[in-house]
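Visitor: Below: one structure in structure tokens.
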Amino acid sequence: MKLSELKQWLDSELSVIIPDATQRTAERNWFILHILGIPAARLFTHPQETINYNADFERLQLVVKQRIVERTPIQYLLGEATFYGLSFQVSPAVLIPRPETELLVEKAIRLCDTQGYQRILDLGTGSGCIPIALKYHRPQLDITAVDISDDALAIAKGNAETHQTEICFKQGSWFEPLNGNSFDLILSNPPYIAPDDAATLAPEVLQEPHLALFTKTSDPIVFYRELIEQTQAHLSANAAFIFEMGLGQAEALAAFCESQGMGAEVLRDYAGHPRLLVGYRGV
């Protein structure tokens with residue numbers, strides 16, 4: 001099979017489940033690079049080059065079939081996702097890192113640089129992408145990360161070791177394992193999808209851990225209320241928190257934050273959607 005034929009075959013197969021050409025091209029190139037070791041540019045510079053039907057090509061056929069038939073996310077198939085310029089190991093035990101969450105890391109870096117924040121807490125760390133990206137770019141920070149899932153923590157610890165980032169990982173629910181410690185900045189991307197909304201999600205999303213996706217009640221901001229109420233006991237003076245939130249939740253969350261005596265700021269993502277809730281505690 002020539003590279004031009006490989007490209008045509010993959011485009012045709014993936015078009016069944018991926019109508020968006022940009023996403024389809026990205027996934028095609030990921031498959032070719034990660035399984036066959038062929039850079040995407042080579043598809044265009046050497047279209048007549050022939051590839052062999054070896055074990056790698058057989059694996060490519062198998063995972064493409066799994067992608068289409070079972071709708072398994074490509075990141076789970078390859079065991080890898082990219083976040084903030086770094087590669088992270090992922091499995092169905094953790095949420096797949098998303099580009100919009102990079103805004104949370106950017107804001108955290110700015111606050112640490114401008115406010116001198118040193119002690120950082122990440123709640124519901126999953127793959128560890130948030131604290132690891134932050135520690136990678138600001139090695140001087142003292143970062144603690146918490147998750148209730150032992151399987152998720154195993155993935156996070158492996159990612160931290162890969163990127164040589166020293167992070168204190170703790171197992172437990174939210175603030176439970178912290179023994180009353182206080183922090184300058186608390187970060188979280190908690191579950192914000194109500195169980196009743198599961199039917200509206202793509203099949204790929206439903207393969208991610210439901211514990212990290214769905215709230216425990218029909219109230220999509222129930223975890224935010226709990227976290228905001230509890231942050232007061234774990235924030236140092238002049239400290240802050242940054243929580244990623246879902247669409248349509250900004251107004252209610254900002255109002256609840258202010259009702260707890262904290263200043264609130266809502267930041268939009270690059271698509272113009274309200275994405276981050278930043279809460280500030282005074283002295």
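Chain labels follow the order of the structure tokens: the first chain is A, the next B, and so on; residue numbering restarts at 1 in every chain, and ligands are counted from 1 in their shown order.
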If you run DSSP over the backbone, which residues in stretch 22-234 of chain A end up strand (DSSP E)? Put them as a list of chain:residue names.
Guide: A:Glu80, A:Ala81, A:Thr82, A:Phe83, A:Leu86, A:Ser87, A:Phe88, A:Gln89, A:Arg119, A:Ile120, A:Leu121, A:Asp122, A:Leu123, A:Asp142, A:Ile143, A:Thr144, A:Ala145, A:Val146, A:Asp147, A:Cys168, A:Phe169, A:Lys170, A:Gln171, A:Phe183, A:Asp184, A:Leu185, A:Ile186, A:Leu187, A:Ser188
Visitor: Write out as JSON lines the residues of stretch 160-256 of chain A that have any atom within 12 Å of an atom of stretch 6-24 of chain A, one row each with the nearest atom pair and its distance in Å to one decimal, counting only C-alpha atoms, sorted by chain and then rising number.
Guide:
{"residue": "A:Ala202", "atom": "CA", "partner": "A:Ile17", "partner_atom": "CA", "distance": 10.7}
{"residue": "A:Pro203", "atom": "CA", "partner": "A:Ile17", "partner_atom": "CA", "distance": 10.4}
{"residue": "A:Glu204", "atom": "CA", "partner": "A:Ile17", "partner_atom": "CA", "distance": 10.5}
Visitor: Determine which residues of stretch 44-155 of chain A DSSP labels as alpha helix (DSSP H) from the backbone of this structure, then write them out as a ChimeraX atom specification.
Guide: /A:44-45,55-69,74-78,102-115,129-137,150-155
Visitor: Using only C-alpha atoms, which residues sit within 7 Å of stretch 138-147 of chain A once same-chain residues fewer than 3 positions away are excluded, as a PyMOL selection string?
Guide: chain A and resi 118-126+131+134-135+153+167-174
Visitor: With only C-alpha atoms as the counted atoms, please give the residues lying no more than 8 Å from A:Leu247, apart from itself and same-chain residues fewer than 4 positions off, as a list in words.
Guide: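 Counting only C-alpha atoms, the residues come to His273, Pro274 and Arg275 of chain A.
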Visitor: Of the candidates A:Pro47, A:Gly279, A:Gly79, A:Pro92, which shows the shortest atom-to-atom distance to A:Ile242, using only C-alpha atoms?
Guide: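 Between A:Pro47, A:Gly279, A:Gly79, A:Pro92, the residue approaching A:Ile242 most closely is A:Gly279.
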Visitor: If you count only C-alpha atoms, which residues fall within 12 Å of A:Leu62, apart from same-chain ones fewer than 4 positions away, as number ranges by chain?
Guide: A: 31, 35, 55-58, 66-70, 72, 77-78
Visitor: Could you tell me how far atom CA of A:Ala233 lies from atom CA of A:Pro191, in Å and to one decimal?
Guide: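 Pair atom CA of A:Ala233 / atom CA of A:Pro191 returns 21.6 Å.
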Visitor: Write out as JSON, numbers by chain which residues come within 9 Å of A:Lys216 when counting only C-alpha atoms, dropping same-chain ones fewer than 4 positions away.
Guide: {"A": [191, 194, 195, 211, 220, 222, 223]}
Visitor: Go ahead and write the selection's residues with C-alpha atoms as a JSON list (two decimals), in the first residue's frame.
Guide:
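Produced file selection.json, reproduced below:
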[["chain", "number", "residue", "atom", "x", "y", "z"],
["A", 191, "PRO", "CA", -17.78, 17.02, 37.64],
["A", 194, "ALA", "CA", -26.04, 16.21, 35.62],
["A", 195, "PRO", "CA", -26.81, 12.49, 35.22],
["A", 211, "LEU", "CA", -17.18, 9.53, 38.62],
["A", 220, "PRO", "CA", -24.94, 20.44, 37.98],
["A", 222, "VAL", "CA", -23.60, 20.76, 43.55],
["A", 223, "PHE", "CA", -19.88, 20.01, 43.79]]
Visitor: Do a neighbour search on A:Tyr192 at 12 Å with only C-alpha atoms, toss out local chain neighbours closer than 6 positions, and write the hits as an MDAnalysis selection string.
Guide: chainID A and resid 198 210:225 243:250 253 275
